[in-house]
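**Student:** Input file: upload-v5.cif. Contents: mmCIF, C-alpha atoms.
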```
data_model
#
loop_
_atom_site.label_atom_id
_atom_site.label_comp_id
_atom_site.auth_asym_id
_atom_site.auth_seq_id
_atom_site.Cartn_x
_atom_site.Cartn_y
_atom_site.Cartn_z
CA MET A 1 7.85 14.74 -8.52
CA SER A 2 6.55 16.26 -5.28
CA MET A 3 9.04 16.66 -2.46
CA VAL A 4 8.01 17.86 1.01
CA LEU A 5 9.93 18.57 4.19
CA ALA A 6 8.56 16.42 7.02
CA ASN A 7 10.15 15.29 10.27
CA GLY A 8 13.31 17.10 9.26
CA ILE A 9 13.93 15.40 5.90
CA GLU A 10 12.78 15.68 2.28
CA LEU A 11 10.24 13.01 1.39
CA HIS A 12 8.82 12.14 -2.04
CA VAL A 13 5.01 12.10 -1.92
CA GLU A 14 2.28 11.51 -4.48
CA GLU A 15 -1.49 11.61 -4.20
CA VAL A 16 -4.40 10.11 -6.12
CA ALA A 17 -7.72 11.92 -5.74
CA PRO A 18 -10.83 9.91 -4.84
CA ILE A 19 -13.22 9.19 -7.69
CA GLY A 20 -16.65 10.49 -6.76
CA ILE A 21 -17.49 11.42 -3.19
CA GLN A 22 -14.63 10.86 -0.75
CA THR A 23 -15.31 8.00 1.66
CA GLY A 24 -12.02 8.09 3.55
CA THR A 25 -8.24 8.28 3.29
CA ALA A 26 -5.66 5.59 2.61
CA VAL A 27 -1.90 5.76 3.07
CA LEU A 28 0.12 3.19 1.13
CA ILE A 29 3.50 2.29 2.66
CA HIS A 30 6.09 0.30 0.73
CA GLY A 31 8.75 -2.09 2.04
CA MET A 32 12.52 -2.07 2.48
CA THR A 33 14.77 -1.37 -0.46
CA PRO A 34 14.58 -2.04 -3.37
CA ASP A 35 10.86 -1.38 -2.88
CA SER A 36 9.34 2.07 -3.47
CA MET A 37 5.91 3.68 -3.77
CA ALA A 38 5.77 2.38 -7.35
CA SER A 39 4.68 -1.09 -6.20
CA TRP A 40 1.54 0.41 -4.62
CA PHE A 41 0.97 3.11 -7.22
CA LEU A 42 0.83 0.55 -10.03
CA THR A 43 -1.32 -1.99 -8.22
CA LEU A 44 -3.81 -0.53 -5.73
CA ALA A 45 -3.70 3.28 -5.94
CA HIS A 46 -6.34 3.52 -8.65
CA PRO A 47 -8.62 0.68 -7.46
CA LEU A 48 -8.69 2.27 -3.99
CA ALA A 49 -9.39 5.74 -5.43
CA GLU A 50 -12.33 4.16 -7.28
CA THR A 51 -13.83 3.15 -3.93
CA GLY A 52 -13.80 6.81 -2.92
CA LEU A 53 -10.58 6.83 -0.92
CA ARG A 54 -8.12 9.71 -1.10
CA VAL A 55 -4.90 7.77 -1.73
CA LEU A 56 -1.62 9.05 -0.31
CA LEU A 57 1.78 7.57 -1.10
CA TYR A 58 5.34 8.32 -0.06
CA ASP A 59 8.82 6.89 -0.38
CA LEU A 60 10.22 5.85 3.01
CA ARG A 61 13.35 7.69 4.21
CA GLY A 62 16.43 6.33 2.47
CA HIS A 63 14.26 4.87 -0.32
CA GLY A 64 13.07 5.83 -3.79
CA HIS A 65 13.36 9.57 -4.36
CA SER A 66 13.21 10.47 -0.66
CA GLU A 67 16.25 11.82 1.15
CA ARG A 68 18.77 9.31 2.48
CA PRO A 69 20.22 10.67 5.73
CA PRO A 70 23.22 8.67 7.01
CA ILE A 71 21.54 7.93 10.36
CA GLY A 72 17.99 7.90 11.72
CA TYR A 73 16.58 4.49 10.80
CA SER A 74 14.95 3.23 13.98
CA LEU A 75 11.30 2.22 13.85
CA SER A 76 10.32 5.46 15.59
CA ASP A 77 12.01 7.52 12.84
CA PHE A 78 9.86 5.79 10.22
CA VAL A 79 6.71 6.24 12.32
CA GLY A 80 7.65 9.88 12.94
CA ASP A 81 7.79 10.49 9.19
CA LEU A 82 4.27 9.12 8.76
CA GLU A 83 2.98 11.21 11.69
CA ALA A 84 4.55 14.37 10.25
CA LEU A 85 3.18 13.75 6.75
CA LEU A 86 -0.36 13.08 8.02
CA THR A 87 -0.57 16.04 10.37
CA GLU A 88 1.61 18.70 8.71
CA HIS A 89 1.51 17.96 5.00
CA TRP A 90 -1.60 15.98 4.13
CA LYS A 91 -3.54 17.49 7.07
CA VAL A 92 -5.77 14.45 7.42
CA ASP A 93 -8.70 14.64 9.80
CA GLY A 94 -10.17 11.42 11.06
CA PRO A 95 -8.97 7.82 10.93
CA VAL A 96 -6.98 6.54 7.94
CA HIS A 97 -6.69 3.17 6.25
CA LEU A 98 -3.09 2.00 6.30
CA PHE A 99 -1.73 -0.34 3.64
CA GLY A 100 1.74 -1.74 4.21
CA ASN A 101 3.92 -4.02 2.12
CA SER A 102 6.50 -6.00 4.13
CA PHE A 103 8.30 -3.51 6.42
CA GLY A 104 5.69 -0.91 5.40
CA GLY A 105 3.09 -3.04 7.20
CA THR A 106 5.24 -2.97 10.32
CA VAL A 107 5.34 0.84 10.13
CA ALA A 108 1.52 0.78 9.81
CA PHE A 109 1.09 -1.42 12.92
CA ALA A 110 3.60 0.72 14.86
CA TYR A 111 1.71 3.90 13.92
CA ALA A 112 -1.57 2.26 14.96
CA ALA A 113 -0.04 1.20 18.30
CA ARG A 114 0.75 4.87 18.97
CA HIS A 115 -2.52 6.25 17.61
CA PRO A 116 -5.16 3.49 17.78
CA ASP A 117 -7.99 5.98 17.32
CA ASN A 118 -6.47 7.39 14.12
CA VAL A 119 -6.55 4.14 12.16
CA ALA A 120 -9.70 2.80 10.47
CA GLY A 121 -8.18 -0.38 9.09
CA ILE A 122 -4.88 -2.07 8.27
CA VAL A 123 -3.98 -4.18 5.24
CA ALA A 124 -0.58 -5.84 5.65
CA VAL A 125 0.99 -7.71 2.74
CA GLU A 126 3.79 -10.12 3.70
CA SER A 127 4.23 -8.35 7.01
CA ALA A 128 3.84 -8.50 10.79
CA PRO A 129 3.44 -6.13 13.76
CA PRO A 130 6.61 -4.82 15.47
CA THR A 131 7.27 -7.76 17.79
CA ALA A 132 10.64 -8.94 19.16
CA THR A 133 10.35 -12.08 17.02
CA TRP A 134 9.77 -10.09 13.85
CA PHE A 135 12.62 -7.67 14.54
CA ALA A 136 15.03 -10.51 15.35
CA ARG A 137 14.21 -11.98 11.95
CA MET A 138 14.63 -8.59 10.27
CA GLY A 139 18.00 -8.18 12.02
CA ARG A 140 19.21 -11.56 10.74
CA ARG A 141 18.12 -10.71 7.22
CA LEU A 142 19.76 -7.28 7.26
CA ALA A 143 22.98 -8.81 8.60
CA TRP A 144 22.88 -11.48 5.92
CA ALA A 145 22.25 -8.88 3.21
CA ALA A 146 25.06 -6.66 4.48
CA GLU A 147 27.47 -9.58 4.48
CA SER A 148 26.55 -10.84 1.04
CA LEU A 149 26.54 -7.33 -0.41
CA ALA A 150 29.54 -5.98 1.51
CA ASP A 151 31.78 -5.85 -1.52
CA ALA A 152 29.90 -3.21 -3.50
CA ASN A 153 32.35 -3.55 -6.38
CA ALA A 154 31.70 -7.24 -6.66
CA VAL A 155 27.98 -6.52 -6.81
CA ALA A 156 28.39 -3.80 -9.42
CA ASN A 157 30.57 -6.03 -11.57
CA SER A 158 28.33 -9.07 -11.35
CA ARG A 159 26.60 -10.02 -14.58
CA PRO A 160 23.81 -9.71 -15.35
CA LEU A 161 23.74 -6.34 -13.64
CA ASP A 162 21.25 -6.67 -10.85
CA ALA A 163 19.78 -3.28 -10.08
CA ARG A 164 17.82 -4.60 -7.10
CA ARG A 165 20.92 -5.89 -5.35
CA ILE A 166 22.85 -2.69 -6.03
CA LYS A 167 20.08 -0.59 -4.51
CA ALA A 168 20.00 -2.74 -1.38
CA ALA A 169 23.79 -2.59 -1.11
CA SER A 170 23.84 1.21 -1.32
CA LEU A 171 21.23 1.67 1.44
CA LEU A 172 23.15 -0.71 3.70
CA SER A 173 26.57 0.80 2.96
CA GLN A 174 25.51 4.45 3.04
CA THR A 175 23.32 4.37 6.16
CA SER A 176 23.10 2.89 9.64
CA VAL A 177 19.83 1.06 8.90
CA GLY A 178 21.44 -2.34 9.46
CA ALA A 179 22.56 -1.39 12.96
CA GLU A 180 19.70 0.88 13.99
CA LEU A 181 16.55 -0.82 12.81
CA PRO A 182 17.04 -4.21 14.53
CA THR A 183 17.75 -2.48 17.87
CA SER A 184 14.70 -0.20 17.66
CA VAL A 185 12.63 0.36 20.79
CA LEU A 186 9.46 -1.63 20.09
CA PRO A 187 5.94 -0.85 21.29
CA ALA A 188 4.87 -2.92 24.28
CA PRO A 189 2.75 -5.93 23.22
CA GLU A 190 -0.16 -4.44 25.23
CA LEU A 191 -0.12 -1.44 22.90
CA ILE A 192 -0.29 -3.67 19.82
CA THR A 193 -3.26 -5.44 21.40
CA GLU A 194 -4.95 -2.06 21.80
CA ILE A 195 -5.26 -1.85 18.00
CA ARG A 196 -8.94 -2.64 17.54
CA CYS A 197 -9.50 -1.74 13.90
CA PRO A 198 -10.11 -4.44 11.26
CA VAL A 199 -6.86 -6.03 10.03
CA LEU A 200 -6.31 -8.05 6.87
CA CYS A 201 -2.98 -9.86 6.41
CA LEU A 202 -1.96 -11.45 3.11
CA TYR A 203 0.94 -13.87 2.71
CA GLY A 204 2.66 -15.78 -0.06
CA ALA A 205 2.52 -19.53 0.55
CA GLU A 206 6.18 -19.89 -0.47
CA SER A 207 7.37 -17.19 1.96
CA LYS A 208 8.51 -17.67 5.57
CA VAL A 209 6.62 -14.56 6.68
CA LYS A 210 3.50 -16.69 7.17
CA ASP A 211 5.26 -18.28 10.17
CA SER A 212 4.26 -15.09 12.02
CA ILE A 213 0.52 -15.76 11.61
CA ALA A 214 0.06 -17.38 15.04
CA GLU A 215 1.68 -14.51 16.92
CA THR A 216 -0.16 -11.83 14.94
CA ALA A 217 -3.48 -13.64 15.44
CA ARG A 218 -2.84 -13.87 19.18
CA LEU A 219 -2.03 -10.15 19.48
CA LEU A 220 -4.81 -9.09 17.11
CA PRO A 221 -7.67 -11.60 17.43
CA GLN A 222 -9.77 -9.59 14.96
CA SER A 223 -7.17 -10.01 12.21
CA ARG A 224 -7.97 -12.04 9.11
CA HIS A 225 -5.19 -14.01 7.42
CA VAL A 226 -5.08 -15.15 3.80
CA VAL A 227 -2.29 -17.25 2.28
CA VAL A 228 -1.96 -16.99 -1.51
CA GLU A 229 -0.74 -20.18 -3.13
CA GLY A 230 2.36 -20.16 -5.31
CA GLN A 231 3.52 -16.69 -4.24
CA ARG A 232 6.68 -15.57 -2.47
CA HIS A 233 7.60 -12.38 -0.62
CA THR A 234 6.97 -10.47 -3.87
CA LEU A 235 3.22 -11.19 -3.59
CA LEU A 236 2.12 -7.58 -4.17
CA ILE A 237 4.01 -7.00 -7.40
CA LYS A 238 3.77 -10.53 -8.78
CA ALA A 239 0.10 -11.17 -8.08
CA PRO A 240 -1.64 -7.78 -7.93
CA ASP A 241 -4.89 -9.28 -9.24
CA GLN A 242 -5.07 -11.66 -6.30
CA VAL A 243 -4.18 -8.92 -3.82
CA ARG A 244 -6.96 -6.73 -5.24
CA ALA A 245 -9.39 -9.67 -5.21
CA HIS A 246 -8.87 -10.09 -1.45
CA VAL A 247 -8.50 -6.46 -0.42
CA LEU A 248 -11.40 -4.78 -2.21
CA PRO A 249 -14.25 -7.03 -0.98
CA TRP A 250 -12.73 -7.02 2.52
CA LEU A 251 -12.67 -3.21 2.50
CA SER A 252 -16.32 -2.93 1.54
CA THR A 253 -17.59 -5.50 4.05
CA SER A 254 -15.27 -5.05 7.05
CA VAL A 255 -14.59 -1.38 7.11
CA HIS A 256 -17.24 0.71 5.42
CA MET B 1 0.59 13.37 -36.24
CA PRO B 2 -2.59 15.25 -35.19
CA SER B 3 -1.90 18.68 -33.77
CA ASP B 4 -3.31 17.85 -30.32
CA GLN B 5 -0.80 15.01 -30.06
CA THR B 6 1.98 17.39 -31.05
CA ALA B 7 0.96 19.74 -28.26
CA VAL B 8 0.79 16.94 -25.67
CA LEU B 9 4.15 15.59 -26.83
CA ALA B 10 5.63 19.03 -26.21
CA ASP B 11 4.09 19.02 -22.70
CA ILE B 12 5.55 15.58 -21.98
CA ASP B 13 8.93 16.68 -23.29
CA ALA B 14 8.92 19.58 -20.82
CA ILE B 15 7.69 17.40 -17.94
CA LEU B 16 10.33 14.74 -18.63
CA ARG B 17 13.12 17.30 -18.79
CA GLY B 18 11.85 18.64 -15.45
CA VAL B 19 11.75 15.19 -13.86
CA LEU B 20 15.11 14.11 -15.24
CA GLY B 21 16.91 17.41 -14.70
CA ASP B 22 20.58 17.12 -15.56
CA PHE B 23 20.02 13.52 -16.59
CA GLY B 24 17.65 14.56 -19.35
CA PRO B 25 18.33 13.31 -22.86
CA ASP B 26 20.34 15.30 -25.37
CA ALA B 27 18.31 13.79 -28.18
CA GLU B 28 14.80 14.83 -29.13
CA ILE B 29 11.97 13.02 -27.33
CA THR B 30 9.66 11.39 -29.86
CA MET B 31 6.55 9.19 -29.78
CA GLY B 32 8.85 6.16 -30.03
CA THR B 33 11.10 7.09 -27.10
CA THR B 34 10.97 4.41 -24.37
CA PHE B 35 11.09 5.36 -20.72
CA ARG B 36 13.59 2.73 -19.68
CA ASP B 37 15.92 2.09 -22.58
CA ASP B 38 16.04 5.59 -24.04
CA LEU B 39 15.56 7.72 -20.94
CA GLY B 40 17.01 5.41 -18.27
CA MET B 41 13.87 5.76 -16.15
CA GLU B 42 12.76 3.12 -13.67
CA SER B 43 9.14 2.46 -12.75
CA LEU B 44 9.40 4.85 -9.81
CA ASP B 45 10.61 7.65 -12.10
CA VAL B 46 7.56 7.12 -14.30
CA VAL B 47 5.29 7.12 -11.22
CA SER B 48 6.88 10.34 -10.00
CA MET B 49 5.50 12.13 -13.09
CA ALA B 50 2.05 11.84 -11.44
CA GLY B 51 2.25 15.16 -9.61
CA ARG B 52 3.39 17.08 -12.69
CA LEU B 53 0.72 15.51 -14.91
CA GLN B 54 -1.91 16.39 -12.32
CA ALA B 55 -0.64 19.97 -12.21
CA ARG B 56 -0.73 20.23 -16.02
CA TYR B 57 -4.02 18.46 -16.81
CA GLY B 58 -5.96 18.33 -13.55
CA ASP B 59 -8.52 15.58 -13.00
CA SER B 60 -9.30 15.10 -16.70
CA VAL B 61 -6.23 12.86 -17.09
CA ASN B 62 -6.29 9.93 -14.65
CA PHE B 63 -2.65 8.84 -14.64
CA ALA B 64 -3.20 6.38 -11.76
CA MET B 65 -5.83 4.57 -13.80
CA PHE B 66 -3.43 4.42 -16.76
CA ALA B 67 -0.65 3.13 -14.50
CA SER B 68 -2.90 0.44 -13.01
CA THR B 69 -3.23 -1.11 -16.47
CA LEU B 70 0.53 -1.64 -16.53
CA ASP B 71 2.49 -4.30 -14.76
CA VAL B 72 5.12 -3.24 -12.21
CA GLU B 73 7.94 -4.81 -14.15
CA SER B 74 6.82 -3.69 -17.60
CA ILE B 75 5.93 -0.05 -17.00
CA ALA B 76 9.43 0.96 -18.09
CA ASP B 77 8.79 -0.60 -21.53
CA LEU B 78 6.23 2.12 -22.01
CA THR B 79 6.79 4.53 -24.87
CA VAL B 80 6.19 8.26 -24.76
CA GLY B 81 3.69 7.70 -27.59
CA GLN B 82 1.52 5.43 -25.42
CA LEU B 83 1.36 8.08 -22.71
CA VAL B 84 0.62 10.83 -25.24
CA ALA B 85 -2.19 8.73 -26.77
CA PHE B 86 -3.72 8.13 -23.34
CA ILE B 87 -3.62 11.85 -22.53
CA THR B 88 -5.13 12.97 -25.84
CA ASP B 89 -7.88 10.33 -25.51
CA SER B 90 -8.63 11.53 -21.99
CA LEU B 91 -8.75 15.17 -23.07
CA ASP B 92 -11.08 14.25 -25.96
CA LYS B 93 -13.54 12.80 -23.46
CA VAL B 94 -13.74 16.00 -21.44
CA PRO B 95 -16.92 17.86 -22.45
CA ALA B 96 -16.07 21.16 -24.07
CA ALA B 97 -16.72 24.12 -21.83
CA SER B 98 -19.94 25.81 -22.82
#
```
Re-express the file's structure as structure tokens.
**Tutor:**
Amino acid sequence: MSMVLANGIELHVEEVAPIGIQTGTAVLIHGMTPDSMASWFLTLAHPLAETGLRVLLYDLRGHGHSERPPIGYSLSDFVGDLEALLTEHWKVDGPVHLFGNSFGGTVAFAYAARHPDNVAGIVAVESAPPTATWFARMGRRLAWAAESLADANAVANSRPLDARRIKAASLLSQTSVGAELPTSVLPAPELITEIRCPVLCLYGAESKVKDSIAETARLLPQSRHVVVEGQRHTLLIKAPDQVRAHVLPWLSTSVH
Amino acid sequence: MPSDQTAVLADIDAILRGVLGDFGPDAEITMGTTFRDDLGMESLDVVSMAGRLQARYGDSVNFAMFASTLDVESIADLTVGQLVAFITDSLDKVPAAS
């Protein structure tokens, strides 16, 4: 396990070297707990390395093996971690491809809104840019999760033991993410519109996230949107073959 | 068991004890040890071996390629023996230094 100090906290990072001559750099960003870098490592890390990309992964603060500080969970904290990793640890020169699953996609869009020239392309799975609509929805979901998971003992004693629920409960009970994240200062819509790189958004047909397509398409007219039939919010881990089948051809035609 | 597998198993034993720290197993790690049921490792714990495997074997062992053949929910069913076999196969394919 590789731990690095970035933006004031210890973050778990891993790296997959490009196969052949390096064509670029990709950072893969996972979603809110119980997600971790594993969902990207096991699905797209190797296929992307095969296209010549240097593939960089990390566990978000509070997640996976990264440190879990009690406070510091606004959107800008998450974006600050990515900035610190890219400049101080990975020392990446030139624009990067950002891949984000769920909230990880929102971090990718927020980073691109701050540094539009540093991003070569964005792939967002079951995600949306940091808009007021999207954060209101996230706030409702965090509040609902906190309420339904409030009694940590009840969760721990439920049978069958549900590791995913316990993980979510511990992040919510041990940190201020539920209060801080929904009240984050969001980038102005004009800054999101300044993102000019190619954008591919994938959605599960059975998930509500696809309701955000119209707003994302309005803010980012260049974005391409694909809805995968029969899939829910777990699109990336349940249907990795379909995710790869959309992402890899798009990468070679839209970006390279 | 071929001697190269014995050597790789010893490497994996050391790497696992490093990854697991105080949570490492008291029992011996064998080819039949499973990552989830015997070692209590989740998929992320298996993934987090990547850096240590890279440090030990360099580019001749492509752990990401091995991981991409596994499904997110089944990686923890993996046995130590499967990982050892993949590593010895990969090392066999490296041309001997001349």
**Student:** Residues at most 12 Å from Arg114 of chain A, counting only C-alpha atoms, excluding those fewer than 4 positions away in the same chain, as a VMD selection string?
**Tutor:** chain A and resid 76 79 to 80 82 to 83 107 to 110 118 to 119 130 186 to 195
**Student:** Run the PyMOL selection byres ((chain B and resi 46) around 10) mentally over the shown coordinates, then write out the matched residues as a tab-separated table (two decimals) with C-alpha atoms, in the coordinates of the input, using the chain letters and numbers from the document.
**Tutor:**
```
chain	number	residue	atom	x	y	z
A	1	MET	CA	7.85	14.74	-8.52
A	38	ALA	CA	5.77	2.38	-7.35
B	16	LEU	CA	10.33	14.74	-18.63
B	19	VAL	CA	11.75	15.19	-13.86
B	35	PHE	CA	11.09	5.36	-20.72
B	36	ARG	CA	13.59	2.73	-19.68
B	41	MET	CA	13.87	5.76	-16.15
B	42	GLU	CA	12.76	3.12	-13.67
B	43	SER	CA	9.14	2.46	-12.75
B	44	LEU	CA	9.40	4.85	-9.81
B	45	ASP	CA	10.61	7.65	-12.10
B	47	VAL	CA	5.29	7.12	-11.22
B	48	SER	CA	6.88	10.34	-10.00
B	49	MET	CA	5.50	12.13	-13.09
B	50	ALA	CA	2.05	11.84	-11.44
B	67	ALA	CA	-0.65	3.13	-14.50
B	75	ILE	CA	5.93	-0.05	-17.00
B	76	ALA	CA	9.43	0.96	-18.09
B	78	LEU	CA	6.23	2.12	-22.01
```
**Student:** Expand the PyMOL selection byres ((chain B and resi 54-61) around 7) into the explicit residue set it covers here, and present it as an MDAnalysis selection string.
**Tutor:** chainID B and resid 50:53 62:63 87 90:91 94
**Student:** Which residues, protein or nucleic acid, reach to within 12 Å of (-3.0, -13.3, -9.5) in the file's coordinates when using all atoms listed in the file, and can you give that as a list in words?
**Tutor:**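 Final list of nearby residues, as requested, is Thr43, Gly204, Val228, Glu229, Gly230, Gln231, Thr234, Leu235, Leu236, Ile237, Lys238, Ala239, Pro240, Asp241, Gln242, Val243, Arg244, Ala245 and His246 of chain A; Asp71 of chain B.
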**Student:** On this structure, which residues satisfy the PyMOL selection byres ((chain A) within 12 of (chain B)), written as a PyMOL selection string?
**Tutor:** chain A and resi 1-3+12-20+30+34-50+55-59+63-66+163-164+234-241+244
**Student:** Could those residues be written to a file, using C-alpha atoms, as a PDB file, in the frame of the given file?
**Tutor:**
```
ATOM      1  CA  MET A   1       7.850  14.740  -8.520  1.00  0.00           C
ATOM      2  CA  SER A   2       6.550  16.260  -5.280  1.00  0.00           C
ATOM      3  CA  MET A   3       9.040  16.660  -2.460  1.00  0.00           C
ATOM      4  CA  HIS A  12       8.820  12.140  -2.040  1.00  0.00           C
ATOM      5  CA  VAL A  13       5.010  12.100  -1.920  1.00  0.00           C
ATOM      6  CA  GLU A  14       2.280  11.510  -4.480  1.00  0.00           C
ATOM      7  CA  GLU A  15      -1.490  11.610  -4.200  1.00  0.00           C
ATOM      8  CA  VAL A  16      -4.400  10.110  -6.120  1.00  0.00           C
ATOM      9  CA  ALA A  17      -7.720  11.920  -5.740  1.00  0.00           C
ATOM     10  CA  PRO A  18     -10.830   9.910  -4.840  1.00  0.00           C
ATOM     11  CA  ILE A  19     -13.220   9.190  -7.690  1.00  0.00           C
ATOM     12  CA  GLY A  20     -16.650  10.490  -6.760  1.00  0.00           C
ATOM     13  CA  HIS A  30       6.090   0.300   0.730  1.00  0.00           C
ATOM     14  CA  PRO A  34      14.580  -2.040  -3.370  1.00  0.00           C
ATOM     15  CA  ASP A  35      10.860  -1.380  -2.880  1.00  0.00           C
ATOM     16  CA  SER A  36       9.340   2.070  -3.470  1.00  0.00           C
ATOM     17  CA  MET A  37       5.910   3.680  -3.770  1.00  0.00           C
ATOM     18  CA  ALA A  38       5.770   2.380  -7.350  1.00  0.00           C
ATOM     19  CA  SER A  39       4.680  -1.090  -6.200  1.00  0.00           C
ATOM     20  CA  TRP A  40       1.540   0.410  -4.620  1.00  0.00           C
ATOM     21  CA  PHE A  41       0.970   3.110  -7.220  1.00  0.00           C
ATOM     22  CA  LEU A  42       0.830   0.550 -10.030  1.00  0.00           C
ATOM     23  CA  THR A  43      -1.320  -1.990  -8.220  1.00  0.00           C
ATOM     24  CA  LEU A  44      -3.810  -0.530  -5.730  1.00  0.00           C
ATOM     25  CA  ALA A  45      -3.700   3.280  -5.940  1.00  0.00           C
ATOM     26  CA  HIS A  46      -6.340   3.520  -8.650  1.00  0.00           C
ATOM     27  CA  PRO A  47      -8.620   0.680  -7.460  1.00  0.00           C
ATOM     28  CA  LEU A  48      -8.690   2.270  -3.990  1.00  0.00           C
ATOM     29  CA  ALA A  49      -9.390   5.740  -5.430  1.00  0.00           C
ATOM     30  CA  GLU A  50     -12.330   4.160  -7.280  1.00  0.00           C
ATOM     31  CA  VAL A  55      -4.900   7.770  -1.730  1.00  0.00           C
ATOM     32  CA  LEU A  56      -1.620   9.050  -0.310  1.00  0.00           C
ATOM     33  CA  LEU A  57       1.780   7.570  -1.100  1.00  0.00           C
ATOM     34  CA  TYR A  58       5.340   8.320  -0.060  1.00  0.00           C
ATOM     35  CA  ASP A  59       8.820   6.890  -0.380  1.00  0.00           C
ATOM     36  CA  HIS A  63      14.260   4.870  -0.320  1.00  0.00           C
ATOM     37  CA  GLY A  64      13.070   5.830  -3.790  1.00  0.00           C
ATOM     38  CA  HIS A  65      13.360   9.570  -4.360  1.00  0.00           C
ATOM     39  CA  SER A  66      13.210  10.470  -0.660  1.00  0.00           C
ATOM     40  CA  ALA A 163      19.780  -3.280 -10.080  1.00  0.00           C
ATOM     41  CA  ARG A 164      17.820  -4.600  -7.100  1.00  0.00           C
ATOM     42  CA  THR A 234       6.970 -10.470  -3.870  1.00  0.00           C
ATOM     43  CA  LEU A 235       3.220 -11.190  -3.590  1.00  0.00           C
ATOM     44  CA  LEU A 236       2.120  -7.580  -4.170  1.00  0.00           C
ATOM     45  CA  ILE A 237       4.010  -7.000  -7.400  1.00  0.00           C
ATOM     46  CA  LYS A 238       3.770 -10.530  -8.780  1.00  0.00           C
ATOM     47  CA  ALA A 239       0.100 -11.170  -8.080  1.00  0.00           C
ATOM     48  CA  PRO A 240      -1.640  -7.780  -7.930  1.00  0.00           C
ATOM     49  CA  ASP A 241      -4.890  -9.280  -9.240  1.00  0.00           C
ATOM     50  CA  ARG A 244      -6.960  -6.730  -5.240  1.00  0.00           C
TER      51      ARG A 244
END
```
**Student:** Rounded to one decimal, what separation in Å do you get between atom CA of Glu215 of chain A and atom CA of Tyr73 of chain A?
**Tutor:**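 Separation between atom CA of Glu215 of chain A and atom CA of Tyr73 of chain A: 24.9 Å.
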**Student:** Show me the residues close to (0.7, 8.5, -24.4) - anything with an atom within 10 Å, counting all atoms listed in the file - and format the list as a list in words.
**Tutor:**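 It turns out the residues near that spot are Gln5, Val8, Leu9, Ile12, Met31, Phe66, Leu78, Thr79, Val80, Gly81, Gln82, Leu83, Val84, Ala85, Phe86, Ile87, Thr88 and Asp89 of chain B.
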**Student:** Please report the interatomic distance between atom CA of Val96 of chain A and atom CA of Met32 of chain A in Å with one decimal.
**Tutor:**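 One can read the atom CA of Val96 of chain A to atom CA of Met32 of chain A distance as 22.0 Å.
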**Student:** For the atom pair atom CA of Gly178 of chain A and atom CA of Thr131 of chain A, what is the interatomic distance in Å to one decimal place?
**Tutor:**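 These atoms are spaced 17.3 Å apart.
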**Student:** Please provide the set of residues having any atom within 10 Å of Asp38 of chain B, restricted to all atoms listed in the file, with same-chain residues fewer than 6 positions apart removed, written as a ChimeraX atom specification.
**Tutor:** /B:25,27,29,32,77,79
**Student:** Counting only C-alpha atoms, figure out which residue out of B:Asp22, B:Lys93, B:Ser74, B:Ala10 gets nearest to Thr34 of chain B.
**Tutor:**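 Closest candidate: B:Ser74.
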**Student:** Quick one: residues within 10 Å of Ala143 of chain A, all atoms listed in the file, excluding same-chain residues fewer than 6 positions away - as number ranges by chain?
**Tutor:** A: 137, 149, 172, 178-179, 182
